[in-house]
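> Pasting a structure below so you can have a look.
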Amino acid sequence: MPLVRISHPRRDDPAFATALGDAVHRALVESMNVPADDKFQIITTHDAGQIVHPPAYLGIAHTDAVVIIQITLNTGRTVEQKRALYAQIADLLADGPGVPRSDIIISLVEVVKENWSFGDGIAQYAT
Amino acid sequence: MPLVRISHPRRDDPAFATALGDAVHRALVESMNVPADDKFQIITTHDAGQIVHPPAYLGIAHTDAVVIIQITLNTGRTVEQKRALYAQIADLLADGPGVPRSDIIISLVEVVKENWSFGDGIAQYAT
Amino acid sequence: MPLVRISHPRRDDPAFATALGDAVHRALVESMNVPADDKFQIITTHDAGQIVHPPAYLGIAHTDAVVIIQITLNTGRTVEQKRALYAQIADLLADGPGVPRSDIIISLVEVVKENWSFGDGIAQYAT
């Protein structure tokens, strides 16, 4: 159910994008009880200037390594679950692909459960 | 009013993207009473690995032909209208451009009517 | 806090994208009290056919110069603030980078304040 959009600066290493996607998915599974096989992502690379960021915001400095992660997911997660998700994404992206923790920007968009179809033209979550 | 984002695997056939967009729009018009000339879409092609999907989810197998459709639209549609939209998109994409029904992923994001401007800096739907 | 996605037709002028982003940000700061250093944007160029628009909608004609701006931001802005934002974006994009006012399409997506992390894995706006 989450649809994850990851926008990152262009790199010559194709494994980087895969590592980003895997890390975000693991955090969703572990922090928010997303099913392990509910993994739908769009990962895009961007040339210099396409990802715009300030030098710093709220006391956190940003570099051109900024990665922007926007996740559409169902409503119902608590603030504590969201905090856990952000912390785990930062941990995993820093430890694995090596994105600076300060350069990880996350945005959540919440929707109701009948707003998804996962194939075959069916609203799998609607009741 | 709907803003439609369609993400599909790269193809050498430029007519494919047009056919995807036309099919999604027709389904919106017929299933959700969207005006025929209210057609705003961003259709992007993606290289292998940029559209991430599981081998299967909820019993539906997915291939690298997965197309992800995210539609921002006004609130107010019923669950039945959403079901009809998903079914019609699947029918039209399978019959026309030939996307496997199992590979059509749809996500809706709902907003209030004052959240749009369709040119000239005016909030056309605000009352 | 706003995350701004700007989709524009491909141009040979790299300053065009920067001018688009700067204009939208200035409008957010002046019309909606967004902090000046809260500037996160993804600006993408699109080939012919990737940005789909009708010849006209609601009496406004559109050309292939259409620019689509989707802004994710916190709830709480009034309709009047949204009207002011649209008007100012249109003014600034027409005066600066020269986008026809009729070709500026804007979509807002509103979220709650705990739906953001601006680095370091923290939910900076959650209380």
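In the structure tokens, each chain is lettered A, B, ... as it comes, each chain's residues begin at 1, and ligands are numbered from 1 in order of appearance.
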Among chain B, which residues does DSSP mark as strand (DSSP E) when it is run on the backbone? Keep the chain and numbering as in the structure and answer as a PyMOL selection string.
chain B and resi 3-9+40-46+51-52+56-57+60-61+67-74+104-111+116-118
> Quick one: write out the picked residues with N, CA and C atoms as an mmCIF file, in the first residue's frame?

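In the end it all went to out_32.cif:
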data_model
loop_
_atom_site.group_PDB
_atom_site.id
_atom_site.type_symbol
_atom_site.label_atom_id
_atom_site.label_comp_id
_atom_site.auth_asym_id
_atom_site.auth_seq_id
_atom_site.Cartn_x
_atom_site.Cartn_y
_atom_site.Cartn_z
ATOM 1 N N LEU B 3 -5.290 15.460 -11.579
ATOM 2 C CA LEU B 3 -3.935 15.510 -12.108
ATOM 3 C C LEU B 3 -3.451 14.072 -12.086
ATOM 4 N N VAL B 4 -3.131 13.554 -13.257
ATOM 5 C CA VAL B 4 -2.795 12.137 -13.408
ATOM 6 C C VAL B 4 -1.291 11.994 -13.655
ATOM 7 N N ARG B 5 -0.647 11.199 -12.827
ATOM 8 C CA ARG B 5 0.774 10.864 -13.059
ATOM 9 C C ARG B 5 0.845 9.392 -13.433
ATOM 10 N N ILE B 6 1.374 9.129 -14.619
ATOM 11 C CA ILE B 6 1.513 7.755 -15.091
ATOM 12 C C ILE B 6 2.995 7.448 -15.259
ATOM 13 N N SER B 7 3.449 6.399 -14.605
ATOM 14 C CA SER B 7 4.857 5.988 -14.681
ATOM 15 C C SER B 7 4.903 4.610 -15.327
ATOM 16 N N HIS B 8 5.586 4.511 -16.469
ATOM 17 C CA HIS B 8 5.604 3.237 -17.191
ATOM 18 C C HIS B 8 7.019 2.890 -17.637
ATOM 19 N N PRO B 9 7.281 1.611 -17.873
ATOM 20 C CA PRO B 9 8.606 1.198 -18.335
ATOM 21 C C PRO B 9 8.891 1.769 -19.730
ATOM 22 N N PHE B 40 -5.326 16.661 -17.580
ATOM 23 C CA PHE B 40 -3.979 17.121 -17.256
ATOM 24 C C PHE B 40 -3.195 15.915 -16.743
ATOM 25 N N GLN B 41 -2.116 15.591 -17.439
ATOM 26 C CA GLN B 41 -1.378 14.366 -17.132
ATOM 27 C C GLN B 41 0.129 14.599 -17.252
ATOM 28 N N ILE B 42 0.855 13.882 -16.436
ATOM 29 C CA ILE B 42 2.315 13.839 -16.558
ATOM 30 C C ILE B 42 2.674 12.368 -16.734
ATOM 31 N N ILE B 43 3.189 12.034 -17.904
ATOM 32 C CA ILE B 43 3.461 10.638 -18.249
ATOM 33 C C ILE B 43 4.966 10.466 -18.376
ATOM 34 N N THR B 44 5.543 9.628 -17.535
ATOM 35 C CA THR B 44 6.996 9.485 -17.536
ATOM 36 C C THR B 44 7.410 8.043 -17.792
ATOM 37 N N THR B 45 8.530 7.910 -18.509
ATOM 38 C CA THR B 45 9.096 6.593 -18.785
ATOM 39 C C THR B 45 10.233 6.329 -17.804
ATOM 40 N N HIS B 46 10.423 5.074 -17.489
ATOM 41 C CA HIS B 46 11.415 4.720 -16.479
ATOM 42 C C HIS B 46 12.244 3.536 -16.954
ATOM 43 N N ILE B 51 11.080 1.432 -11.539
ATOM 44 C CA ILE B 51 9.760 1.069 -11.025
ATOM 45 C C ILE B 51 9.939 -0.256 -10.287
ATOM 46 N N VAL B 52 9.808 -0.179 -8.970
ATOM 47 C CA VAL B 52 10.061 -1.354 -8.133
ATOM 48 C C VAL B 52 8.719 -1.991 -7.772
ATOM 49 N N ALA B 56 4.814 -10.669 -6.303
ATOM 50 C CA ALA B 56 3.357 -10.793 -6.160
ATOM 51 C C ALA B 56 2.954 -10.084 -4.875
ATOM 52 N N TYR B 57 1.705 -9.624 -4.854
ATOM 53 C CA TYR B 57 1.138 -9.037 -3.634
ATOM 54 C C TYR B 57 -0.353 -9.316 -3.633
ATOM 55 N N ILE B 60 -1.667 -11.498 -6.448
ATOM 56 C CA ILE B 60 -1.579 -11.061 -7.846
ATOM 57 C C ILE B 60 -0.109 -10.934 -8.217
ATOM 58 N N ALA B 61 0.295 -11.665 -9.263
ATOM 59 C CA ALA B 61 1.687 -11.624 -9.702
ATOM 60 C C ALA B 61 1.946 -10.372 -10.537
ATOM 61 N N VAL B 67 2.690 -0.686 -14.513
ATOM 62 C CA VAL B 67 2.414 0.733 -14.740
ATOM 63 C C VAL B 67 1.786 1.274 -13.453
ATOM 64 N N ILE B 68 2.327 2.379 -12.956
ATOM 65 C CA ILE B 68 1.804 2.982 -11.726
ATOM 66 C C ILE B 68 1.094 4.284 -12.086
ATOM 67 N N ILE B 69 -0.154 4.381 -11.645
ATOM 68 C CA ILE B 69 -1.005 5.533 -11.968
ATOM 69 C C ILE B 69 -1.406 6.195 -10.656
ATOM 70 N N GLN B 70 -0.995 7.428 -10.461
ATOM 71 C CA GLN B 70 -1.411 8.151 -9.255
ATOM 72 C C GLN B 70 -2.233 9.360 -9.679
ATOM 73 N N ILE B 71 -3.434 9.456 -9.119
ATOM 74 C CA ILE B 71 -4.398 10.464 -9.549
ATOM 75 C C ILE B 71 -4.754 11.352 -8.371
ATOM 76 N N THR B 72 -4.480 12.642 -8.487
ATOM 77 C CA THR B 72 -4.934 13.613 -7.493
ATOM 78 C C THR B 72 -6.278 14.148 -7.975
ATOM 79 N N LEU B 73 -7.295 14.070 -7.120
ATOM 80 C CA LEU B 73 -8.655 14.476 -7.538
ATOM 81 C C LEU B 73 -9.442 14.980 -6.343
ATOM 82 N N ASN B 74 -10.557 15.599 -6.613
ATOM 83 C CA ASN B 74 -11.374 16.132 -5.528
ATOM 84 C C ASN B 74 -12.022 15.017 -4.710
ATOM 85 N N ILE B 104 -1.391 -3.293 -13.309
ATOM 86 C CA ILE B 104 -1.895 -1.914 -13.242
ATOM 87 C C ILE B 104 -2.118 -1.551 -11.776
ATOM 88 N N ILE B 105 -1.267 -0.665 -11.287
ATOM 89 C CA ILE B 105 -1.323 -0.219 -9.882
ATOM 90 C C ILE B 105 -1.889 1.200 -9.870
ATOM 91 N N ILE B 106 -2.902 1.437 -9.030
ATOM 92 C CA ILE B 106 -3.566 2.746 -9.005
ATOM 93 C C ILE B 106 -3.595 3.281 -7.575
ATOM 94 N N SER B 107 -3.285 4.550 -7.439
ATOM 95 C CA SER B 107 -3.322 5.250 -6.149
ATOM 96 C C SER B 107 -4.071 6.561 -6.335
ATOM 97 N N LEU B 108 -5.063 6.806 -5.479
ATOM 98 C CA LEU B 108 -5.805 8.077 -5.518
ATOM 99 C C LEU B 108 -5.402 8.947 -4.327
ATOM 100 N N VAL B 109 -5.269 10.233 -4.583
ATOM 101 C CA VAL B 109 -5.015 11.218 -3.530
ATOM 102 C C VAL B 109 -6.112 12.265 -3.630
ATOM 103 N N GLU B 110 -6.863 12.448 -2.549
ATOM 104 C CA GLU B 110 -8.009 13.350 -2.606
ATOM 105 C C GLU B 110 -7.718 14.692 -1.938
ATOM 106 N N VAL B 111 -8.241 15.737 -2.541
ATOM 107 C CA VAL B 111 -8.014 17.101 -2.043
ATOM 108 C C VAL B 111 -9.334 17.877 -2.089
ATOM 109 N N TRP B 116 -6.981 23.894 -6.438
ATOM 110 C CA TRP B 116 -6.611 23.854 -7.854
ATOM 111 C C TRP B 116 -6.617 25.239 -8.487
ATOM 112 N N SER B 117 -5.669 25.422 -9.388
ATOM 113 C CA SER B 117 -5.743 26.550 -10.319
ATOM 114 C C SER B 117 -5.447 26.024 -11.713
ATOM 115 N N PHE B 118 -6.347 26.322 -12.637
ATOM 116 C CA PHE B 118 -6.214 25.832 -14.024
ATOM 117 C C PHE B 118 -5.845 26.944 -14.981
#
> Could you name the residues that touch stretch 21-30 of chain B at 6 Å or less, counting only C-alpha atoms, but leaving out those on the same chain fewer than 6 positions away, as a PyMOL selection string?
chain B and resi 85+88-89+92
> Please write the residues from the selection above to a file, keeping C-alpha atoms, as a PDB file, in the first residue's frame.

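Output contents, as saved in part01.pdb:
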ATOM      1  CA  LEU B  85     -12.760   3.547 -12.078  1.00  0.00           C
ATOM      2  CA  GLN B  88     -12.487   0.439 -16.253  1.00  0.00           C
ATOM      3  CA  ILE B  89      -8.838   1.497 -16.220  1.00  0.00           C
ATOM      4  CA  LEU B  92      -9.085  -0.156 -21.165  1.00  0.00           C
TER       5      LEU B  92
END
> Record the distance separating atom CA of A:Tyr125 and atom CA of B:Gly59, expressed in Å with one decimal.
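Result for atom CA of A:Tyr125 versus atom CA of B:Gly59: 13.2 Å, one decimal.
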> Within 8 Å of B:Glu114, counting only C-alpha atoms, which residues qualify if same-chain residues fewer than 6 places away don't, as a ChimeraX atom specification?
/B:123-127 /C:79,82
> Next, dump the selected residues to file, keeping only N, CA and C atoms, as a tab-separated table (two decimals), in the first residue's frame.

chain	number	residue	atom	x	y	z
B	123	ALA	N	-8.47	30.42	-8.61
B	123	ALA	CA	-8.93	29.17	-7.98
B	123	ALA	C	-10.31	28.87	-8.56
B	124	GLN	N	-10.34	28.26	-9.72
B	124	GLN	CA	-11.59	28.12	-10.48
B	124	GLN	C	-12.69	27.38	-9.73
B	125	TYR	N	-12.32	26.45	-8.85
B	125	TYR	CA	-13.34	25.64	-8.17
B	125	TYR	C	-13.74	26.21	-6.81
B	126	ALA	N	-13.02	27.21	-6.32
B	126	ALA	CA	-13.35	27.75	-4.99
B	126	ALA	C	-14.66	28.50	-5.05
B	127	THR	N	-15.41	28.46	-3.96
B	127	THR	CA	-16.70	29.14	-3.95
B	127	THR	C	-16.76	30.11	-2.77
C	79	VAL	N	-8.86	29.72	2.20
C	79	VAL	CA	-9.12	29.86	0.76
C	79	VAL	C	-8.52	31.16	0.24
C	82	LYS	N	-4.92	30.68	-0.39
C	82	LYS	CA	-4.70	29.89	-1.61
C	82	LYS	C	-4.91	30.75	-2.86
> Would you superpose chain B on chain C, least squares on all C-alpha atoms in order, and hand back the fitted chain as a CSV table (one decimal) with C-alpha atoms, in the first residue's frame?

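Heads up, here's the output in part-v1.csv:
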chain,number,residue,atom,x,y,z
B,1,MET,CA,7.6,22.3,4.6
B,2,PRO,CA,6.2,22.6,1.3
B,3,LEU,CA,7.5,20.0,-1.1
B,4,VAL,CA,7.2,21.5,-4.6
B,5,ARG,CA,7.2,19.5,-7.7
B,6,ILE,CA,7.5,21.5,-10.9
B,7,SER,CA,7.1,19.8,-14.3
B,8,HIS,CA,8.0,21.9,-17.3
B,9,PRO,CA,8.7,21.3,-21.0
B,10,ARG,CA,12.3,20.7,-21.9
B,11,ARG,CA,14.3,23.9,-22.8
B,12,ASP,CA,17.9,24.5,-23.6
B,13,ASP,CA,18.0,27.3,-21.0
B,14,PRO,CA,19.0,25.9,-17.6
B,15,ALA,CA,18.2,29.2,-16.0
B,16,PHE,CA,14.6,28.6,-16.8
B,17,ALA,CA,14.1,25.9,-14.2
B,18,THR,CA,15.9,27.9,-11.5
B,19,ALA,CA,13.7,30.9,-12.3
B,20,LEU,CA,10.5,28.7,-12.0
B,21,GLY,CA,11.6,27.4,-8.7
B,22,ASP,CA,12.6,30.8,-7.3
B,23,ALA,CA,9.3,32.3,-8.4
B,24,VAL,CA,7.1,29.6,-6.8
B,25,HIS,CA,9.1,29.8,-3.6
B,26,ARG,CA,8.8,33.6,-3.4
B,27,ALA,CA,5.0,33.3,-3.8
B,28,LEU,CA,4.9,30.7,-1.0
B,29,VAL,CA,6.9,32.9,1.3
B,30,GLU,CA,4.9,36.1,0.6
B,31,SER,CA,1.4,34.6,0.3
B,32,MET,CA,1.6,31.8,2.9
B,33,ASN,CA,4.2,32.7,5.4
B,34,VAL,CA,6.5,29.9,4.4
B,35,PRO,CA,10.0,30.4,6.0
B,36,ALA,CA,12.5,31.7,3.5
B,37,ASP,CA,14.8,28.8,4.0
B,38,ASP,CA,12.1,26.2,3.8
B,39,LYS,CA,12.7,25.5,0.1
B,40,PHE,CA,12.6,21.9,-1.1
B,41,GLN,CA,11.7,21.4,-4.8
B,42,ILE,CA,11.9,18.7,-7.4
B,43,ILE,CA,12.0,20.3,-10.9
B,44,THR,CA,11.8,18.0,-13.9
B,45,THR,CA,11.9,18.6,-17.6
B,46,HIS,CA,9.6,16.7,-20.0
B,47,ASP,CA,9.7,15.9,-23.6
B,48,ALA,CA,6.8,16.7,-26.0
B,49,GLY,CA,3.9,14.5,-25.1
B,50,GLN,CA,4.8,13.9,-21.5
B,51,ILE,CA,2.8,16.8,-20.2
B,52,VAL,CA,-0.7,16.3,-21.5
B,53,HIS,CA,-3.2,19.2,-21.5
B,54,PRO,CA,-6.4,20.0,-23.2
B,55,PRO,CA,-6.6,22.7,-25.9
B,56,ALA,CA,-8.8,24.6,-23.3
B,57,TYR,CA,-10.5,24.0,-20.0
B,58,LEU,CA,-13.0,26.3,-18.2
B,59,GLY,CA,-12.6,28.9,-21.0
B,60,ILE,CA,-8.8,29.1,-20.7
B,61,ALA,CA,-6.7,28.0,-23.6
B,62,HIS,CA,-3.5,26.0,-23.1
B,63,THR,CA,-0.4,25.7,-25.1
B,64,ASP,CA,2.6,23.3,-25.0
B,65,ALA,CA,4.2,25.7,-22.6
B,66,VAL,CA,2.0,24.3,-19.8
B,67,VAL,CA,3.9,24.1,-16.5
B,68,ILE,CA,2.4,21.9,-13.7
B,69,ILE,CA,3.1,22.7,-10.1
B,70,GLN,CA,2.1,20.4,-7.4
B,71,ILE,CA,2.7,21.5,-3.8
B,72,THR,CA,2.5,19.3,-0.7
B,73,LEU,CA,2.0,21.5,2.3
B,74,ASN,CA,0.5,21.6,5.8
B,75,THR,CA,-3.2,22.1,6.3
B,76,GLY,CA,-4.5,25.3,7.7
B,77,ARG,CA,-4.3,27.8,4.9
B,78,THR,CA,-7.5,29.7,4.1
B,79,VAL,CA,-9.1,29.8,0.8
B,80,GLU,CA,-8.0,33.5,0.6
B,81,GLN,CA,-4.4,32.5,1.1
B,82,LYS,CA,-4.7,29.9,-1.6
B,83,ARG,CA,-6.2,32.4,-4.0
B,84,ALA,CA,-3.3,34.8,-3.2
B,85,LEU,CA,-0.8,32.1,-3.8
B,86,TYR,CA,-2.2,31.2,-7.2
B,87,ALA,CA,-2.4,34.8,-8.3
B,88,GLN,CA,1.2,35.5,-7.2
B,89,ILE,CA,2.6,32.4,-8.8
B,90,ALA,CA,0.9,33.5,-12.1
B,91,ASP,CA,2.2,37.0,-11.8
B,92,LEU,CA,5.8,36.0,-11.0
B,93,LEU,CA,6.0,33.2,-13.6
B,94,ALA,CA,4.6,35.5,-16.3
B,95,ASP,CA,6.9,38.4,-15.3
B,96,GLY,CA,10.1,36.5,-14.8
B,97,PRO,CA,10.6,33.2,-16.8
B,98,GLY,CA,7.8,34.2,-19.1
B,99,VAL,CA,5.3,31.4,-18.7
B,100,PRO,CA,1.9,32.4,-20.1
B,101,ARG,CA,-0.5,33.0,-17.2
B,102,SER,CA,-3.0,30.6,-18.9
B,103,ASP,CA,-0.4,27.8,-18.9
B,104,ILE,CA,0.2,27.7,-15.2
B,105,ILE,CA,-1.6,24.7,-13.5
B,106,ILE,CA,-1.4,24.4,-9.7
B,107,SER,CA,-2.4,21.5,-7.5
B,108,LEU,CA,-2.1,21.6,-3.6
B,109,VAL,CA,-2.0,18.5,-1.5
B,110,GLU,CA,-2.5,19.1,2.2
B,111,VAL,CA,-1.0,17.0,5.1
B,112,VAL,CA,-0.8,17.1,8.9
B,113,LYS,CA,2.3,18.6,10.5
B,114,GLU,CA,3.7,15.3,11.8
B,115,ASN,CA,4.1,14.1,8.2
B,116,TRP,CA,7.5,15.7,7.6
B,117,SER,CA,11.1,15.0,8.4
B,118,PHE,CA,13.7,17.6,7.3
B,119,GLY,CA,16.8,15.6,8.1
B,120,ASP,CA,18.4,13.6,10.9
B,121,GLY,CA,15.3,11.3,11.1
B,122,ILE,CA,13.4,13.7,13.3
B,123,ALA,CA,9.7,14.8,12.9
B,124,GLN,CA,10.6,18.5,13.3
B,125,TYR,CA,7.0,19.7,13.3
B,126,ALA,CA,5.4,17.1,15.5
B,127,THR,CA,4.4,18.2,19.0
> Enumerate as a VMD selection string all residues of chain C assigned to alpha helix (DSSP H) by DSSP on the backbone, naming them with the chain letters and numbers the document uses.
chain C and resid 14 to 32 79 to 95
